[in-house]
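K.L.:
Pasting input.cif below, which is mmCIF, C-alpha atoms and all ligand atoms.
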```
data_run
loop_
_atom_site.label_atom_id
_atom_site.label_comp_id
_atom_site.auth_asym_id
_atom_site.auth_seq_id
_atom_site.Cartn_x
_atom_site.Cartn_y
_atom_site.Cartn_z
CA MET A 30 0.00 0.00 0.00
CA THR A 31 1.22 3.54 -0.77
CA GLN A 32 2.13 5.52 2.32
CA ILE A 33 -0.84 7.80 3.01
CA TYR A 34 -0.55 11.26 4.51
CA ASN A 35 -3.79 12.84 5.64
CA PHE A 36 -3.84 16.65 5.68
CA SER A 37 -7.47 17.00 6.80
CA ALA A 38 -8.35 20.00 8.99
CA GLY A 39 -10.61 17.85 11.15
CA PRO A 40 -11.49 15.19 11.96
CA ALA A 41 -7.83 14.70 11.34
CA VAL A 42 -4.87 12.36 11.40
CA LEU A 43 -4.23 10.49 14.66
CA PRO A 44 -0.92 9.01 15.80
CA LYS A 45 -0.45 5.58 14.29
CA ALA A 46 0.79 4.23 17.64
CA VAL A 47 -2.51 5.26 19.22
CA LEU A 48 -4.63 3.60 16.53
CA GLU A 49 -2.58 0.42 16.87
CA GLN A 50 -2.97 0.37 20.62
CA ALA A 51 -6.72 0.96 20.29
CA ARG A 52 -6.90 -1.90 17.78
CA ASP A 53 -5.02 -4.23 20.14
CA GLU A 54 -7.30 -3.29 23.04
CA MET A 55 -10.51 -3.13 21.01
CA LEU A 56 -12.13 -6.40 22.12
CA ASP A 57 -10.58 -6.83 25.55
CA TRP A 58 -9.32 -3.81 27.45
CA HIS A 59 -6.56 -4.88 29.88
CA GLY A 60 -8.10 -8.29 30.56
CA SER A 61 -11.51 -6.85 31.46
CA GLY A 62 -13.15 -8.92 28.72
CA MET A 63 -14.84 -5.75 27.46
CA SER A 64 -14.24 -3.10 24.87
CA VAL A 65 -13.97 0.40 26.34
CA MET A 66 -17.11 1.18 24.32
CA GLU A 67 -19.06 -1.38 26.33
CA MET A 68 -18.05 -0.27 29.82
CA SER A 69 -20.19 1.56 32.31
CA HIS A 70 -18.87 5.08 32.72
CA ARG A 71 -19.29 4.53 36.46
CA GLY A 72 -17.32 1.29 36.62
CA LYS A 73 -13.84 1.19 38.09
CA GLU A 74 -12.21 0.44 34.72
CA PHE A 75 -13.57 3.51 32.99
CA ILE A 76 -13.16 5.77 36.02
CA GLY A 77 -9.49 4.80 35.94
CA ILE A 78 -9.22 5.64 32.23
CA ALA A 79 -10.88 9.04 32.80
CA HIS A 80 -8.71 9.92 35.79
CA GLN A 81 -5.52 9.06 33.94
CA ALA A 82 -6.60 11.07 30.89
CA GLU A 83 -7.28 14.12 33.03
CA ALA A 84 -4.03 13.76 34.97
CA ASP A 85 -1.99 13.50 31.76
CA PHE A 86 -3.81 16.45 30.16
CA ARG A 87 -3.14 18.53 33.27
CA GLU A 88 0.50 17.55 33.28
CA LEU A 89 0.99 18.33 29.56
CA LEU A 90 -0.50 21.82 29.88
CA ASN A 91 0.72 22.39 33.44
CA ILE A 92 -2.84 23.33 34.47
CA PRO A 93 -3.00 25.05 37.88
CA ALA A 94 -5.04 23.40 40.66
CA ASN A 95 -7.68 26.16 40.67
CA TYR A 96 -8.82 25.19 37.17
CA LYS A 97 -11.36 22.50 36.34
CA VAL A 98 -10.93 20.26 33.34
CA LEU A 99 -14.25 19.23 31.76
CA PHE A 100 -14.86 16.50 29.20
CA LEU A 101 -17.96 17.67 27.32
CA GLN A 102 -19.88 17.02 24.13
CA GLY A 103 -21.48 19.35 21.60
CA GLY A 104 -18.31 20.51 19.87
CA ALA A 105 -16.64 23.88 20.03
CA SER A 106 -19.82 25.23 18.42
CA SER A 107 -21.76 24.60 21.65
CA GLN A 108 -19.11 26.57 23.51
CA PHE A 109 -20.05 29.60 21.43
CA ALA A 110 -23.28 29.63 23.51
CA MET A 111 -22.02 28.10 26.77
CA VAL A 112 -19.36 30.79 27.20
CA PRO A 113 -21.78 33.75 27.32
CA MET A 114 -24.42 31.77 29.24
CA ASN A 115 -21.94 31.01 31.99
CA LEU A 116 -19.47 33.87 32.00
CA LEU A 117 -21.59 37.00 31.81
CA ARG A 118 -21.97 36.76 35.61
CA GLY A 119 -24.43 39.63 35.92
CA LYS A 120 -22.74 41.76 33.27
CA THR A 121 -24.33 42.51 29.92
CA SER A 122 -21.48 42.81 27.46
CA ALA A 123 -18.44 40.92 26.25
CA ASP A 124 -15.48 41.79 24.01
CA TYR A 125 -14.74 39.67 20.94
CA ILE A 126 -11.80 39.70 18.54
CA HIS A 127 -12.86 38.97 14.96
CA THR A 128 -10.12 37.23 12.96
CA GLY A 129 -12.00 34.86 10.69
CA ILE A 130 -14.83 32.42 10.25
CA TRP A 131 -14.75 30.73 13.64
CA SER A 132 -14.53 33.93 15.68
CA GLY A 133 -17.34 35.27 13.46
CA LYS A 134 -19.53 32.33 14.43
CA ALA A 135 -18.70 32.82 18.10
CA ILE A 136 -19.73 36.48 17.79
CA ASP A 137 -23.03 35.62 16.06
CA GLU A 138 -23.94 33.15 18.79
CA ALA A 139 -22.90 35.40 21.68
CA GLN A 140 -25.18 38.15 20.35
CA ARG A 141 -28.14 36.01 21.44
CA TYR A 142 -27.11 36.50 25.07
CA ALA A 143 -24.88 39.54 25.33
CA SER A 144 -24.15 42.89 23.87
CA VAL A 145 -21.05 42.08 21.84
CA ASN A 146 -18.28 44.63 21.38
CA VAL A 147 -16.01 43.68 18.49
CA ALA A 148 -12.86 45.09 20.06
CA ALA A 149 -10.69 44.38 17.03
CA SER A 150 -11.17 42.90 13.58
CA SER A 151 -8.98 41.92 10.66
CA ALA A 152 -11.86 42.14 8.18
CA ASP A 153 -10.09 45.07 6.48
CA ARG A 154 -7.52 42.65 5.05
CA LYS A 155 -9.79 39.67 4.51
CA PHE A 156 -8.88 38.09 7.84
CA THR A 157 -5.28 37.39 6.86
CA TYR A 158 -3.68 38.62 10.09
CA ALA A 159 -4.17 38.96 13.84
CA PRO A 160 -4.61 42.60 14.94
CA ASP A 161 -1.96 43.79 17.37
CA GLN A 162 -3.19 44.40 20.88
CA SER A 163 -2.25 48.09 20.61
CA VAL A 164 -5.32 48.60 18.35
CA TRP A 165 -7.80 46.61 20.45
CA GLN A 166 -10.63 48.71 21.90
CA LEU A 167 -11.25 46.75 25.06
CA ASP A 168 -14.06 47.65 27.45
CA ARG A 169 -12.98 47.52 31.08
CA ASN A 170 -16.52 46.47 32.07
CA ALA A 171 -16.74 43.57 29.67
CA ALA A 172 -17.56 40.22 31.26
CA TYR A 173 -14.74 38.57 29.30
CA VAL A 174 -12.64 38.84 26.15
CA HIS A 175 -12.99 36.07 23.56
CA TYR A 176 -10.57 35.25 20.76
CA VAL A 177 -9.70 32.30 18.54
CA SER A 178 -6.02 31.47 19.02
CA ASN A 179 -5.83 29.70 15.65
CA GLU A 180 -8.31 30.34 12.85
CA THR A 181 -8.45 26.90 11.29
CA ILE A 182 -9.90 28.00 7.95
CA GLY A 183 -7.88 31.17 7.37
CA GLY A 184 -4.66 29.77 8.85
CA VAL A 185 -4.11 32.77 11.16
CA GLU A 186 -2.51 32.02 14.53
CA PHE A 187 -1.73 34.28 17.48
CA ASN A 188 1.86 33.76 18.55
CA TRP A 189 1.25 35.83 21.70
CA ILE A 190 -1.30 35.76 24.54
CA PRO A 191 -3.42 38.91 24.89
CA ASP A 192 -3.21 40.83 28.16
CA THR A 193 -6.71 41.65 29.38
CA GLY A 194 -5.90 42.58 32.97
CA ASP A 195 -8.66 41.55 35.36
CA VAL A 196 -11.12 40.76 32.59
CA PRO A 197 -11.12 36.98 32.02
CA LEU A 198 -9.57 35.90 28.74
CA VAL A 199 -11.42 33.15 26.83
CA ALA A 200 -9.80 31.24 23.97
CA ASP A 201 -11.10 28.85 21.36
CA MET A 202 -8.00 26.67 20.94
CA SER A 203 -9.71 23.95 18.92
CA SER A 204 -7.00 23.72 16.30
CA ASN A 205 -3.79 24.56 18.16
CA ILE A 206 -4.21 23.17 21.66
CA LEU A 207 -1.31 20.87 22.60
CA SER A 208 0.76 22.16 19.67
CA ARG A 209 2.98 24.28 21.97
CA PRO A 210 3.29 25.07 25.67
CA VAL A 211 0.80 27.67 26.89
CA ASP A 212 0.50 29.52 30.21
CA VAL A 213 -3.00 28.46 31.28
CA SER A 214 -2.96 30.84 34.24
CA ARG A 215 -3.34 33.74 31.77
CA PHE A 216 -6.81 32.48 30.82
CA GLY A 217 -10.23 32.39 32.43
CA LEU A 218 -11.39 29.65 30.10
CA ILE A 219 -9.99 27.60 27.23
CA TYR A 220 -12.02 25.28 25.04
CA ALA A 221 -11.24 22.95 22.18
CA GLY A 222 -13.07 20.40 20.08
CA ALA A 223 -11.03 17.20 20.17
CA GLN A 224 -11.13 16.31 16.49
CA LYS A 225 -8.32 18.60 15.37
CA ASN A 226 -5.29 18.02 17.56
CA ILE A 227 -6.51 15.67 20.31
CA GLY A 228 -8.61 12.69 19.27
CA PRO A 229 -11.95 11.66 17.79
CA ALA A 230 -14.89 13.98 17.20
CA GLY A 231 -17.53 13.96 19.93
CA LEU A 232 -15.35 15.20 22.78
CA THR A 233 -14.88 18.86 23.71
CA MET A 234 -12.29 19.90 26.29
CA VAL A 235 -12.91 22.85 28.60
CA ILE A 236 -10.41 24.29 31.07
CA VAL A 237 -12.08 26.83 33.35
CA ARG A 238 -10.95 28.83 36.37
CA GLU A 239 -13.07 27.79 39.35
CA ASP A 240 -14.08 31.29 40.47
CA LEU A 241 -15.90 31.81 37.16
CA LEU A 242 -18.35 28.98 37.87
CA GLY A 243 -21.74 29.23 39.50
CA ASN A 244 -23.18 32.39 37.94
CA ALA A 245 -24.83 31.08 34.79
CA LEU A 246 -27.89 32.83 33.32
CA ALA A 247 -31.05 31.56 35.00
CA ALA A 248 -32.37 29.95 31.82
CA THR A 249 -29.16 27.98 31.18
CA PRO A 250 -29.98 24.33 30.51
CA THR A 251 -28.50 21.98 33.11
CA MET A 252 -26.29 20.39 30.47
CA PHE A 253 -25.00 23.81 29.34
CA ASN A 254 -23.98 24.85 32.83
CA TYR A 255 -20.26 24.32 33.46
CA ARG A 256 -20.97 23.92 37.17
CA THR A 257 -23.06 20.81 36.51
CA HIS A 258 -20.09 19.10 34.90
CA ALA A 259 -17.52 20.51 37.33
CA GLU A 260 -19.47 19.20 40.33
CA HIS A 261 -19.82 15.73 38.83
CA ASP A 262 -16.30 15.21 37.44
CA SER A 263 -17.77 15.30 33.90
CA MET A 264 -19.98 12.33 34.84
CA TYR A 265 -23.31 14.09 35.38
CA ASN A 266 -24.55 12.15 32.38
CA THR A 267 -22.80 9.67 30.11
CA PRO A 268 -19.65 11.30 28.78
CA PRO A 269 -18.18 10.42 25.34
CA THR A 270 -16.34 7.45 26.79
CA TYR A 271 -14.58 6.04 23.76
CA ALA A 272 -13.42 9.48 22.58
CA MET A 273 -12.07 10.13 26.09
CA TYR A 274 -10.17 6.85 26.01
CA ILE A 275 -8.53 7.66 22.66
CA ALA A 276 -7.73 11.20 23.84
CA GLY A 277 -6.11 9.63 26.90
CA LEU A 278 -3.92 7.45 24.67
CA VAL A 279 -2.88 10.58 22.74
CA PHE A 280 -2.03 12.45 25.98
CA ALA A 281 0.09 9.54 27.21
CA LEU A 282 1.91 9.38 23.88
CA LEU A 283 2.64 13.13 23.88
CA LYS A 284 4.14 12.77 27.36
CA ARG A 285 6.36 9.92 26.18
CA GLU A 286 7.46 11.98 23.20
CA GLY A 287 8.67 14.85 25.35
CA GLY A 288 5.54 16.90 26.01
CA LEU A 289 4.51 20.19 24.45
CA ALA A 290 7.99 21.72 24.20
CA ALA A 291 8.97 18.81 21.96
CA MET A 292 5.72 19.17 19.97
CA GLU A 293 6.44 22.85 19.45
CA GLN A 294 9.91 22.13 18.03
CA ARG A 295 8.46 19.55 15.66
CA ASN A 296 5.66 21.86 14.60
CA ILE A 297 8.09 24.72 13.92
CA ALA A 298 10.20 22.40 11.77
CA LYS A 299 7.22 20.96 9.86
CA SER A 300 5.45 24.24 9.13
CA GLY A 301 8.79 25.95 8.37
CA LEU A 302 9.49 23.41 5.68
CA LEU A 303 6.25 24.21 3.87
CA TYR A 304 6.37 27.99 4.40
CA ASP A 305 9.98 28.16 3.18
CA TYR A 306 8.95 26.39 0.03
CA LEU A 307 5.87 28.60 -0.47
CA ASP A 308 8.01 31.71 -0.05
CA ALA A 309 10.62 30.50 -2.51
CA SER A 310 8.03 29.63 -5.13
CA ASP A 311 6.27 32.01 -7.50
CA PHE A 312 3.78 29.28 -8.38
CA TYR A 313 2.23 28.93 -4.89
CA THR A 314 1.22 31.71 -2.51
CA SER A 315 0.43 31.89 1.20
CA PRO A 316 -2.17 34.62 1.83
CA VAL A 317 -1.39 35.06 5.55
CA ALA A 318 0.79 37.78 7.13
CA ARG A 319 4.16 36.27 8.00
CA GLU A 320 4.01 36.89 11.76
CA ASN A 321 0.56 35.31 12.05
CA ARG A 322 1.06 32.21 9.95
CA SER A 323 -0.42 29.16 11.58
CA ARG A 324 1.82 26.18 12.33
CA MET A 325 -1.23 23.94 12.19
CA ASN A 326 -3.30 24.94 9.14
CA ILE A 327 -1.54 26.26 6.07
CA PRO A 328 -3.73 27.60 3.28
CA PHE A 329 -2.09 28.25 -0.07
CA THR A 330 -3.18 29.03 -3.60
CA LEU A 331 -1.88 28.00 -7.01
CA ARG A 332 -0.93 30.67 -9.53
CA ASP A 333 -3.83 29.58 -11.70
CA PRO A 334 -6.94 28.26 -9.90
CA ALA A 335 -7.82 26.35 -13.07
CA LEU A 336 -5.04 23.93 -12.04
CA ASP A 337 -6.57 23.20 -8.62
CA GLU A 338 -8.36 20.09 -9.73
CA ALA A 339 -5.31 18.59 -11.43
CA PHE A 340 -3.21 19.41 -8.35
CA LEU A 341 -5.63 17.62 -6.04
CA LYS A 342 -5.94 14.62 -8.34
CA GLY A 343 -2.17 14.21 -8.59
CA ALA A 344 -1.82 14.61 -4.83
CA GLN A 345 -4.41 11.90 -4.24
CA GLN A 346 -2.48 9.55 -6.55
CA ARG A 347 0.64 10.13 -4.44
CA GLY A 348 -1.24 9.33 -1.21
CA LEU A 349 -1.52 12.99 -0.14
CA LEU A 350 -5.12 13.29 1.00
CA GLN A 351 -7.62 16.01 1.91
CA LEU A 352 -5.66 19.03 0.71
CA LYS A 353 -8.67 20.88 -0.69
CA GLY A 354 -9.20 24.23 1.02
CA HIS A 355 -12.36 25.01 2.98
CA LYS A 356 -15.29 25.76 0.69
CA LEU A 357 -15.42 29.34 1.99
CA ALA A 358 -11.71 29.91 1.37
CA GLY A 359 -10.98 28.01 -1.84
CA GLY A 360 -7.47 26.97 -2.87
CA MET A 361 -5.59 24.41 -0.81
CA ARG A 362 -5.00 23.84 2.88
CA ALA A 363 -2.50 21.52 4.50
CA SER A 364 -3.18 20.81 8.16
CA LEU A 365 -0.04 19.74 10.01
CA TYR A 366 -1.28 18.68 13.43
CA ASN A 367 0.95 16.93 15.99
CA ALA A 368 0.22 13.55 14.44
CA MET A 369 1.49 14.55 10.98
CA PRO A 370 5.06 13.26 10.67
CA ILE A 371 7.69 15.46 9.00
CA GLU A 372 7.91 12.84 6.26
CA GLY A 373 4.37 13.84 5.27
CA VAL A 374 5.41 17.46 4.79
CA GLN A 375 8.52 16.38 2.86
CA ALA A 376 6.32 14.27 0.59
CA LEU A 377 3.95 17.20 0.07
CA VAL A 378 6.73 19.65 -0.83
CA ALA A 379 8.29 17.09 -3.21
CA TYR A 380 4.93 16.68 -4.93
CA MET A 381 4.43 20.45 -5.15
CA GLN A 382 7.84 20.78 -6.84
CA ASP A 383 7.04 17.99 -9.30
CA PHE A 384 3.69 19.57 -10.09
CA VAL A 385 5.36 22.88 -11.01
CA GLN A 386 7.74 21.01 -13.33
CA GLN A 387 4.88 19.18 -15.01
CA GLN A 388 3.27 22.51 -15.80
CA GLY A 389 6.48 23.52 -17.59
C1 LIG B 1 -13.50 23.09 14.07
C2 LIG B 1 -13.59 24.36 14.85
C3 LIG B 1 -14.77 24.75 15.50
C4 LIG B 1 -16.06 23.95 15.39
O1 LIG B 1 -15.92 22.75 16.04
P1 LIG B 1 -17.13 21.71 16.18
O2 LIG B 1 -16.55 20.70 17.10
O3 LIG B 1 -17.40 21.19 14.80
O4 LIG B 1 -18.29 22.43 16.73
C5 LIG B 1 -14.76 25.91 16.24
N1 LIG B 1 -13.65 26.66 16.34
C6 LIG B 1 -12.49 26.32 15.73
C7 LIG B 1 -11.29 27.20 15.89
C8 LIG B 1 -12.42 25.16 14.97
O5 LIG B 1 -11.28 24.81 14.38
#
```
Let me see whether you can do it: turn the structure in this file into structure tokens.
Ligand SMILES: *Cc1c(COP(=O)(O)O)cnc(C)c1O

P.N.:
Amino acid sequence: MTQIYNFSAGPAVLPKAVLEQARDEMLDWHGSGMSVMEMSHRGKEFIGIAHQAEADFRELLNIPANYKVLFLQGGASSQFAMVPMNLLRGKTSADYIHTGIWSGKAIDEAQRYASVNVAASSADRKFTYAPDQSVWQLDRNAAYVHYVSNETIGGVEFNWIPDTGDVPLVADMSSNILSRPVDVSRFGLIYAGAQKNIGPAGLTMVIVREDLLGNALAATPTMFNYRTHAEHDSMYNTPPTYAMYIAGLVFALLKREGGLAAMEQRNIAKSGLLYDYLDASDFYTSPVARENRSRMNIPFTLRDPALDEAFLKGAQQRGLLQLKGHKLAGGMRASLYNAMPIEGVQALVAYMQDFVQQQG
């Protein structure tokens, strides 16, 4: 079989070692006679799996003790509503930074609950950069400040953490969590859908500072209240057990591979390889401002969009899958999450060079 490299933005490539371990444990987890999928979430086997997953996640991100880690469902899209429902805490407005499609969706949803102040936007340059904090118009009375640390579709990543003083900072880290070390203590709340850089779809991670809990809007559904899940160790109802198990295998693997500092070095090397080639080429172009280029999601365009289809077909034949850009962005996008080996990026660049030659 040809070696396959999967550049999907999400659900995305998982570490081969994790898939192999899951295969080996599929029918009989550690002599229990059961698949993890078949276990009660309240049994000692699964409780052990969940505790280990949380402990490893905490260790990887060095999460302080006054933060809760929640294993939820509903995707990052549910967080667009849960954040305002829970974090307004008697206030009426929140600040949002608009840097692309995902932050735009978060803004639209928040407007159902709060008066939203768009404190900064990169709409003026088609969302190809992250506005510097010096131009943000923050409101000192805002309940929180929300931003998307990596815009998965546009490929725009913040390489710095905003300073919002006493106003809690909220980040959608769906597509760059675990790609580099991050100082969690700078945040009030971090959330991430698992299907980009963690594990299978169906699991959503939330890290929330404890003092922000307990003041949800009165009409908040029980399942949308962070406190419900915090008070029940994410076991108020049935959590996404199998997705949690796979995520736990990924966390354990990342620890064995040297943690997030090691991931960051790998991700700098991988994305650098592709960006260096894009910059050297006059056939391919990266639309994103240099200082805000994502290490995870790299959109690029061909000189002539009429060649897009041939490019994708040739890539597919070489085992380079899912390179088509998001339908709203067009062009190509290569997602280089933790689980993408550098060999995959080397194979992509080699193909891109060959494709240019073929065009003469
Ligand atoms: C994928 C993604 C989402 C949406 O995630 P769902 O789990 O599909 O709801 C939100 N924000 C960002 C940054 C994403 O990459």

K.L.:
Find the spatial neighbours of Tyr34 of chain A, counting all atoms listed in the file, within a cut-off of 8 Å - ignore same-chain residues fewer than 4 positions away - and output them as a short mmCIF file (atom, residue, chain, number, x, y, z; two decimals) with C-alpha atoms, in the coordinates of the input.

P.N.:
```
data_model
loop_
_atom_site.label_atom_id
_atom_site.label_comp_id
_atom_site.auth_asym_id
_atom_site.auth_seq_id
_atom_site.Cartn_x
_atom_site.Cartn_y
_atom_site.Cartn_z
CA GLY A 348 -1.24 9.33 -1.21
CA LEU A 349 -1.52 12.99 -0.14
CA LEU A 350 -5.12 13.29 1.00
CA MET A 369 1.49 14.55 10.98
CA GLY A 373 4.37 13.84 5.27
#
```

K.L.:
Any residue with an atom at most 9 Å from ligand LIG 1 (chain B) counts, using only C-alpha atoms and all ligand atoms. Which are they? Put them as a ChimeraX atom specification.

P.N.:
/A:38-40,102-109,130-132,134-135,177-182,201-205,220-225,230-233

K.L.:
Might you pull out every residue within 9 Å of segment 138-142 of chain A, with all atoms listed in the file counted and same-chain residues fewer than 6 positions away left off, and present them as a list in words?

P.N.:
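Listed by chain and then number, they are Ser106, Phe109, Ala110, Met111, Val112, Pro113, Met114, Leu117, Thr121, Ser122 and Ala123 of chain A.
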
K.L.:
Using all atoms listed in the file, list the residues that have an atom at most 9 Å from (0.6, 36.3, 12.7), coordinates as in the file, as a list of chain:residue names.

P.N.:
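The requested residues, written out, are A:Thr157, A:Tyr158, A:Ala159, A:Pro160, A:Val185, A:Glu186, A:Phe187, A:Asn188, A:Val317, A:Ala318, A:Arg319, A:Glu320, A:Asn321, A:Arg322, A:Ser323.
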
K.L.:
Neighbours of segment 353-365 of chain A within 9 Å (only C-alpha atoms; same-chain residues fewer than 5 positions away dropped), as an MDAnalysis selection string?

P.N.:
chainID A and resid 35:39 41:42 130 181:184 296 299:300 324:331 334 337 341 370:371 373:374 377

K.L.:
Once you count all atoms listed in the file, which residues end up no further than 10 Å from (-17.0, 28.9, 40.9) in the file's frame, shown as a count of residues only?

P.N.:
14

K.L.:
Select, from A:Ala149, A:Leu282, A:Leu116, A:Val385, the residue with the minimum atom-to-atom distance to Ile227 of chain A, counting all atoms listed in the file.

P.N.:
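Of all the options, A:Leu282 lies closest to Ile227 of chain A.
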
K.L.:
If I only have part of segment 220-228 of chain A, can you fill in all heavy atoms and write it as a short mmCIF file (atom, residue, chain, number, x, y, z; two decimals), keeping the file's coordinate frame?

P.N.:
```
data_model
loop_
_atom_site.label_atom_id
_atom_site.label_comp_id
_atom_site.auth_asym_id
_atom_site.auth_seq_id
_atom_site.Cartn_x
_atom_site.Cartn_y
_atom_site.Cartn_z
N TYR A 220 -11.27 26.44 25.52
CA TYR A 220 -12.02 25.28 25.04
C TYR A 220 -11.47 24.80 23.71
O TYR A 220 -10.81 25.56 22.99
CB TYR A 220 -13.52 25.58 24.94
CG TYR A 220 -13.94 26.66 23.97
CD1 TYR A 220 -14.26 26.36 22.65
CD2 TYR A 220 -14.06 27.98 24.39
CE1 TYR A 220 -14.68 27.35 21.77
CE2 TYR A 220 -14.47 28.97 23.51
CZ TYR A 220 -14.78 28.65 22.20
OH TYR A 220 -15.19 29.63 21.32
N ALA A 221 -11.75 23.54 23.42
CA ALA A 221 -11.24 22.95 22.18
C ALA A 221 -12.03 21.70 21.83
O ALA A 221 -12.19 20.81 22.66
CB ALA A 221 -9.76 22.57 22.33
N GLY A 222 -12.53 21.65 20.60
CA GLY A 222 -13.07 20.40 20.08
C GLY A 222 -11.91 19.44 19.91
O GLY A 222 -10.80 19.84 19.57
N ALA A 223 -12.16 18.15 20.16
CA ALA A 223 -11.03 17.20 20.17
C ALA A 223 -10.56 16.80 18.78
O ALA A 223 -9.43 16.35 18.62
CB ALA A 223 -11.44 15.94 20.94
N GLN A 224 -11.40 16.98 17.77
CA GLN A 224 -11.13 16.31 16.49
C GLN A 224 -10.05 16.94 15.63
O GLN A 224 -9.79 16.47 14.53
CB GLN A 224 -12.44 16.20 15.69
CG GLN A 224 -12.95 17.51 15.12
CD GLN A 224 -13.84 18.28 16.07
OE1 GLN A 224 -13.77 18.12 17.27
NE2 GLN A 224 -14.67 19.16 15.53
N LYS A 225 -9.41 18.01 16.13
CA LYS A 225 -8.32 18.60 15.37
C LYS A 225 -6.98 18.03 15.87
O LYS A 225 -6.32 17.29 15.17
CB LYS A 225 -8.30 20.13 15.51
CG LYS A 225 -9.30 20.98 14.70
CD LYS A 225 -10.62 20.42 14.40
CE LYS A 225 -11.54 21.24 13.54
NZ LYS A 225 -12.18 22.39 14.12
N ASN A 226 -6.63 18.39 17.11
CA ASN A 226 -5.29 18.02 17.56
C ASN A 226 -5.30 17.10 18.78
O ASN A 226 -4.27 16.92 19.42
CB ASN A 226 -4.49 19.29 17.88
CG ASN A 226 -3.00 19.10 17.71
OD1 ASN A 226 -2.56 18.18 17.02
ND2 ASN A 226 -2.21 19.92 18.37
N ILE A 227 -6.45 16.51 19.11
CA ILE A 227 -6.51 15.67 20.31
C ILE A 227 -6.92 14.24 20.00
O ILE A 227 -6.18 13.29 20.28
CB ILE A 227 -7.47 16.28 21.36
CG1 ILE A 227 -6.93 17.63 21.85
CG2 ILE A 227 -7.67 15.32 22.52
CD1 ILE A 227 -7.81 18.31 22.90
N GLY A 228 -8.11 14.06 19.44
CA GLY A 228 -8.61 12.69 19.27
C GLY A 228 -9.83 12.67 18.38
O GLY A 228 -9.95 13.46 17.45
#
```
